[in-house]
Amino acid sequence: MGIYFKKDILLFWRDRKEVLVALLLPIALTLILGFALPGWVNNSNPSLEMKVALVNQNRHTEGVARFHEQLKGSLLSPDEQDGLVEETAMLDLDPEAMLMGMFRSEDVSRYIEVLQLDHETAYTKLKAGEVTAVITIPETYTLDSLNKLLLNEGDGAALLLTAEGDTTKVSVLQNMLNGLLSTVNYQAALSHAAGSGSDGSTWSAPRTPVGGLERIEGVRMITSFQYFAFAITIFVTLSISITMASKSITEKREKVFTRLLYSGARPMQFQLGKMASTFCIALLQMLVVILLSHVLFQLFPGRPLSFWLGLGIFMVLLCAVVAAFAGLFTAMVFRMKDGDVAVGISFIALILLGVIGGSMVPMYILPDWLMEVGRLTPNGLALTSLIQWIQGTPLQELWLPMLSLGIYTVIIMAAGLWMFPKKGGI
């Protein structure tokens, strides 16, 4: 296999144009798109437009009244009961008013339209795809909230968020609700603690800033340069598989492979040599391009060695898939009468993978169903995993996409070896 490996490495290296394209094209396109289209990555708000159904089953007034009745039947002193009644009025835990206040704010109302519906209508629209999700306020929300907050009884109350699937829009909506409820709970707890201590004394809580942007520790925003550097590099790396396969057209036309068979060579050695050389070339190309992009565009300043090792793992897995594709496309060249047709089919497949896998346009601008399909492609898996890694996702949480890339490699490689002509097959 070693001689075939060396042959393919030298064939690729002799074509200086291909080498320059593989190294310089990703950097040039990253430079152009990073400056020209920063909003495509840094500002993805247009894709978040959605309709949400709000089902309010909560009986707010009745809940407050029942809470007051519970206080009368409790063992608390009259003064303590009066204090809790006053706190109930001060807290004003009306979930519908809080939610509508958030959804009617200027920043949120541009992207989220809220429909206040009954339970049956809301779920009918959800199944029909007319709304993205349904937010349900349970019947005893107010009573359960007051019991937990003021008496520390029960499990508290929770809003119900129902959706047909786990999409980006649903995740954004869930994060908004979590943020609102966390803020309300925090402020209510401070108000309760400041109003009455266990000894009847009062204390003042420190003032907290109002408004602003809260950034979650461990989650980084990805920049347009980071996105395009990987998206374009992944696409160009995939194209190396076609480049390596296209060089087999000459070998087929000039009967190089046939002469090798007559000399006693094994077809599998020829195929494995092609895949091994493609893997090394693809990995070297990715490493050089990403390192040069890092130096030129300051992609990852101050990142530790563990971060770079994680990038290396995903690069190795992706290049293994590229090598498997090279074997499959090479088998197609030898199996089909016209090798150029085989290369053309391979190129069309590569373009489709690039479009739906986020290499040509950011995934979030695609329809939801197409975005989900794109995330299942080899390049889509690699790109989304790299983005998550850049944003701080632990490596142990990315084992599934890493396993999926490995499975892709095995399946595609097996298909290429099975399709490749055996002795006497040409």
# chains A, B, ... in the order shown; residues from 1 in each chain; ligands from 1
>>> residues_around(residues="region 381-391 of chain A", least_positions_apart="5", cutoff="9 Å", atoms="only C-alpha atoms", output="list in words")
Gly218, Val219, Arg220, Met221, Ile222, Gln226, Tyr227, Phe230, Ala231, Ile234, Phe300, Phe307, Gly310, Leu311, Phe314, Met315, Leu317, Leu318, Gly357, Gly358, Ser359, Gly374, Arg375, Leu376, Leu398, Pro401, Met402, Ser404 and Leu405 of chain A
>>> closest_residue(among="A:Leu150, A:Trp369, A:Thr243, A:Pro267", to="Ala323 (chain A)", atoms="only C-alpha atoms")
A:Thr243
>>> closest_atom_pairs(of="region 266-382 of chain A", to="region 14-38 of chain A", cutoff="10 Å", atoms="only C-alpha atoms", output="Markdown table")
| residue | atom | partner | partner_atom | distance |
| --- | --- | --- | --- | --- |
| A:Ile281 | CA | A:Val19 | CA | 9.7 |
| A:Ala282 | CA | A:Ala22 | CA | 9.1 |
| A:Leu284 | CA | A:Leu23 | CA | 9.8 |
| A:Gln285 | CA | A:Leu23 | CA | 6.4 |
| A:Met286 | CA | A:Leu23 | CA | 8.4 |
| A:Leu287 | CA | A:Leu23 | CA | 9.9 |
| A:Val288 | CA | A:Leu23 | CA | 7.4 |
| A:Val289 | CA | A:Leu23 | CA | 6.0 |
| A:Ile290 | CA | A:Ile27 | CA | 8.6 |
| A:Leu292 | CA | A:Ile27 | CA | 7.9 |
| A:Ser293 | CA | A:Ile27 | CA | 6.3 |
| A:Leu296 | CA | A:Ile27 | CA | 8.9 |
| A:Phe297 | CA | A:Leu31 | CA | 8.2 |
>>> write_last_selection(atoms="N, CA and C atoms", output="short mmCIF file (atom, residue, chain, number, x, y, z; two decimals), in the first residue's frame")
data_model
loop_
_atom_site.label_atom_id
_atom_site.label_comp_id
_atom_site.auth_asym_id
_atom_site.auth_seq_id
_atom_site.Cartn_x
_atom_site.Cartn_y
_atom_site.Cartn_z
N ILE A 281 -3.48 14.38 3.29
CA ILE A 281 -3.54 15.68 2.59
C ILE A 281 -4.64 16.56 3.19
N ALA A 282 -5.82 15.97 3.43
CA ALA A 282 -6.93 16.74 3.99
C ALA A 282 -6.61 17.26 5.38
N LEU A 284 -3.61 17.80 6.71
CA LEU A 284 -2.58 18.83 6.62
C LEU A 284 -3.17 20.14 6.11
N GLN A 285 -4.06 20.04 5.13
CA GLN A 285 -4.70 21.25 4.61
C GLN A 285 -5.52 21.96 5.67
N MET A 286 -6.31 21.22 6.45
CA MET A 286 -7.12 21.83 7.49
C MET A 286 -6.26 22.47 8.57
N LEU A 287 -5.22 21.79 8.98
CA LEU A 287 -4.35 22.34 10.02
C LEU A 287 -3.70 23.63 9.56
N VAL A 288 -3.17 23.65 8.34
CA VAL A 288 -2.50 24.85 7.83
C VAL A 288 -3.48 26.01 7.70
N VAL A 289 -4.65 25.74 7.14
CA VAL A 289 -5.63 26.82 6.92
C VAL A 289 -6.14 27.39 8.24
N ILE A 290 -6.49 26.53 9.19
CA ILE A 290 -7.02 27.01 10.46
C ILE A 290 -5.95 27.78 11.24
N LEU A 292 -3.30 29.38 9.96
CA LEU A 292 -3.08 30.66 9.28
C LEU A 292 -4.24 31.63 9.54
N SER A 293 -5.47 31.10 9.51
CA SER A 293 -6.63 31.95 9.80
C SER A 293 -6.59 32.47 11.22
N LEU A 296 -4.02 35.31 11.21
CA LEU A 296 -4.45 36.49 10.45
C LEU A 296 -5.66 37.17 11.07
N PHE A 297 -6.62 36.39 11.56
CA PHE A 297 -7.88 36.95 12.03
C PHE A 297 -8.06 36.88 13.54
#
>>> residues_around(residues="Ala349 (chain A)", least_positions_apart="6", cutoff="12 Å", atoms="only C-alpha atoms", output="PyMOL selection string")
chain A and resi 235+238-239+241-242+325+329+342-343+355-357+377
>>> write_last_selection(atoms="C-alpha atoms", output="PDB file, in the first residue's frame")
ATOM      1  CA  PHE A 235     -16.176  22.424   2.171  1.00  0.00           C
ATOM      2  CA  LEU A 238     -14.451  17.742   1.213  1.00  0.00           C
ATOM      3  CA  SER A 239     -13.584  18.796  -2.336  1.00  0.00           C
ATOM      4  CA  SER A 241     -11.956  13.792  -2.134  1.00  0.00           C
ATOM      5  CA  ILE A 242     -13.177  14.691  -5.634  1.00  0.00           C
ATOM      6  CA  PHE A 325     -15.528   9.711   0.234  1.00  0.00           C
ATOM      7  CA  PHE A 329     -15.750   8.432  -5.644  1.00  0.00           C
ATOM      8  CA  ALA A 342     -18.791   9.990 -12.086  1.00  0.00           C
ATOM      9  CA  VAL A 343     -16.838  13.082 -11.042  1.00  0.00           C
ATOM     10  CA  VAL A 355     -25.593  23.933   1.012  1.00  0.00           C
ATOM     11  CA  ILE A 356     -27.610  22.000   3.590  1.00  0.00           C
ATOM     12  CA  GLY A 357     -24.610  21.372   5.849  1.00  0.00           C
ATOM     13  CA  THR A 377     -24.767  15.310   7.101  1.00  0.00           C
TER      14      THR A 377
END
>>> closest_residue(among="A:Asp8, A:Glu80, A:Asp338, A:Glu139", to="Lys247 (chain A)", atoms="only C-alpha atoms")
A:Asp8
>>> select_by_dssp(residues="region 29-141 of chain A", states="strand (DSSP E)", output="PyMOL selection string")
chain A and resi 50-56+112-116+133-137
>>> residues_around(residues="Ala245 (chain A)", least_positions_apart="5", cutoff="12 Å", atoms="only C-alpha atoms", output="ChimeraX atom specification")
/A:8,11-12,238-240,250-252,271,274-275,277-278,322-334,339-340,342-347,416
>>> atom_distance(atom1="CA of Gln174 (chain A)", atom2="CA of Leu161 (chain A)")
7.5 Å
>>> decode(residues="region 336-353 of chain A", atoms="N, CA, C and O atoms", output="PDB file, in the first residue's frame")
ATOM      1  N   MET A 336     -17.963   3.241 -13.570  1.00  0.00           N
ATOM      2  CA  MET A 336     -18.737   3.858 -14.640  1.00  0.00           C
ATOM      3  C   MET A 336     -17.901   3.952 -15.917  1.00  0.00           C
ATOM      4  O   MET A 336     -16.680   4.114 -15.865  1.00  0.00           O
ATOM      5  N   LYS A 337     -18.568   3.860 -17.045  1.00  0.00           N
ATOM      6  CA  LYS A 337     -17.852   3.902 -18.321  1.00  0.00           C
ATOM      7  C   LYS A 337     -17.168   5.240 -18.523  1.00  0.00           C
ATOM      8  O   LYS A 337     -16.043   5.306 -19.024  1.00  0.00           O
ATOM      9  N   ASP A 338     -17.840   6.321 -18.192  1.00  0.00           N
ATOM     10  CA  ASP A 338     -17.275   7.664 -18.347  1.00  0.00           C
ATOM     11  C   ASP A 338     -16.904   8.197 -16.971  1.00  0.00           C
ATOM     12  O   ASP A 338     -17.775   8.490 -16.144  1.00  0.00           O
ATOM     13  N   GLY A 339     -15.616   8.314 -16.709  1.00  0.00           N
ATOM     14  CA  GLY A 339     -15.162   8.802 -15.410  1.00  0.00           C
ATOM     15  C   GLY A 339     -15.565  10.230 -15.134  1.00  0.00           C
ATOM     16  O   GLY A 339     -15.793  10.608 -13.973  1.00  0.00           O
ATOM     17  N   ASP A 340     -15.676  11.036 -16.206  1.00  0.00           N
ATOM     18  CA  ASP A 340     -16.077  12.438 -16.006  1.00  0.00           C
ATOM     19  C   ASP A 340     -17.497  12.538 -15.468  1.00  0.00           C
ATOM     20  O   ASP A 340     -17.817  13.438 -14.681  1.00  0.00           O
ATOM     21  N   VAL A 341     -18.363  11.619 -15.885  1.00  0.00           N
ATOM     22  CA  VAL A 341     -19.732  11.607 -15.372  1.00  0.00           C
ATOM     23  C   VAL A 341     -19.729  11.280 -13.884  1.00  0.00           C
ATOM     24  O   VAL A 341     -20.464  11.898 -13.092  1.00  0.00           O
ATOM     25  N   ALA A 342     -18.888  10.348 -13.500  1.00  0.00           N
ATOM     26  CA  ALA A 342     -18.791   9.990 -12.086  1.00  0.00           C
ATOM     27  C   ALA A 342     -18.322  11.173 -11.254  1.00  0.00           C
ATOM     28  O   ALA A 342     -18.849  11.437 -10.164  1.00  0.00           O
ATOM     29  N   VAL A 343     -17.324  11.897 -11.757  1.00  0.00           N
ATOM     30  CA  VAL A 343     -16.838  13.082 -11.042  1.00  0.00           C
ATOM     31  C   VAL A 343     -17.920  14.152 -10.986  1.00  0.00           C
ATOM     32  O   VAL A 343     -18.079  14.843  -9.971  1.00  0.00           O
ATOM     33  N   GLY A 344     -18.681  14.297 -12.069  1.00  0.00           N
ATOM     34  CA  GLY A 344     -19.767  15.275 -12.084  1.00  0.00           C
ATOM     35  C   GLY A 344     -20.832  14.961 -11.053  1.00  0.00           C
ATOM     36  O   GLY A 344     -21.319  15.853 -10.342  1.00  0.00           O
ATOM     37  N   ILE A 345     -21.200  13.672 -10.949  1.00  0.00           N
ATOM     38  CA  ILE A 345     -22.182  13.267  -9.935  1.00  0.00           C
ATOM     39  C   ILE A 345     -21.640  13.534  -8.536  1.00  0.00           C
ATOM     40  O   ILE A 345     -22.358  14.012  -7.648  1.00  0.00           O
ATOM     41  N   SER A 346     -20.359  13.227  -8.344  1.00  0.00           N
ATOM     42  CA  SER A 346     -19.735  13.464  -7.035  1.00  0.00           C
ATOM     43  C   SER A 346     -19.733  14.943  -6.691  1.00  0.00           C
ATOM     44  O   SER A 346     -19.973  15.329  -5.531  1.00  0.00           O
ATOM     45  N   PHE A 347     -19.489  15.788  -7.678  1.00  0.00           N
ATOM     46  CA  PHE A 347     -19.456  17.235  -7.438  1.00  0.00           C
ATOM     47  C   PHE A 347     -20.844  17.759  -7.068  1.00  0.00           C
ATOM     48  O   PHE A 347     -20.980  18.604  -6.170  1.00  0.00           O
ATOM     49  N   ILE A 348     -21.877  17.259  -7.728  1.00  0.00           N
ATOM     50  CA  ILE A 348     -23.247  17.673  -7.390  1.00  0.00           C
ATOM     51  C   ILE A 348     -23.584  17.262  -5.962  1.00  0.00           C
ATOM     52  O   ILE A 348     -24.179  18.035  -5.198  1.00  0.00           O
ATOM     53  N   ALA A 349     -23.197  16.032  -5.598  1.00  0.00           N
ATOM     54  CA  ALA A 349     -23.435  15.578  -4.219  1.00  0.00           C
ATOM     55  C   ALA A 349     -22.700  16.464  -3.223  1.00  0.00           C
ATOM     56  O   ALA A 349     -23.224  16.798  -2.149  1.00  0.00           O
ATOM     57  N   LEU A 350     -21.483  16.881  -3.571  1.00  0.00           N
ATOM     58  CA  LEU A 350     -20.707  17.746  -2.689  1.00  0.00           C
ATOM     59  C   LEU A 350     -21.372  19.114  -2.526  1.00  0.00           C
ATOM     60  O   LEU A 350     -21.423  19.668  -1.422  1.00  0.00           O
ATOM     61  N   ILE A 351     -21.909  19.655  -3.615  1.00  0.00           N
ATOM     62  CA  ILE A 351     -22.597  20.953  -3.545  1.00  0.00           C
ATOM     63  C   ILE A 351     -23.823  20.855  -2.639  1.00  0.00           C
ATOM     64  O   ILE A 351     -24.071  21.746  -1.803  1.00  0.00           O
ATOM     65  N   LEU A 352     -24.591  19.777  -2.772  1.00  0.00           N
ATOM     66  CA  LEU A 352     -25.770  19.594  -1.923  1.00  0.00           C
ATOM     67  C   LEU A 352     -25.372  19.505  -0.455  1.00  0.00           C
ATOM     68  O   LEU A 352     -26.009  20.113   0.420  1.00  0.00           O
ATOM     69  N   LEU A 353     -24.313  18.757  -0.175  1.00  0.00           N
ATOM     70  CA  LEU A 353     -23.839  18.659   1.202  1.00  0.00           C
ATOM     71  C   LEU A 353     -23.393  20.023   1.721  1.00  0.00           C
ATOM     72  O   LEU A 353     -23.636  20.371   2.877  1.00  0.00           O
TER      73      LEU A 353
END
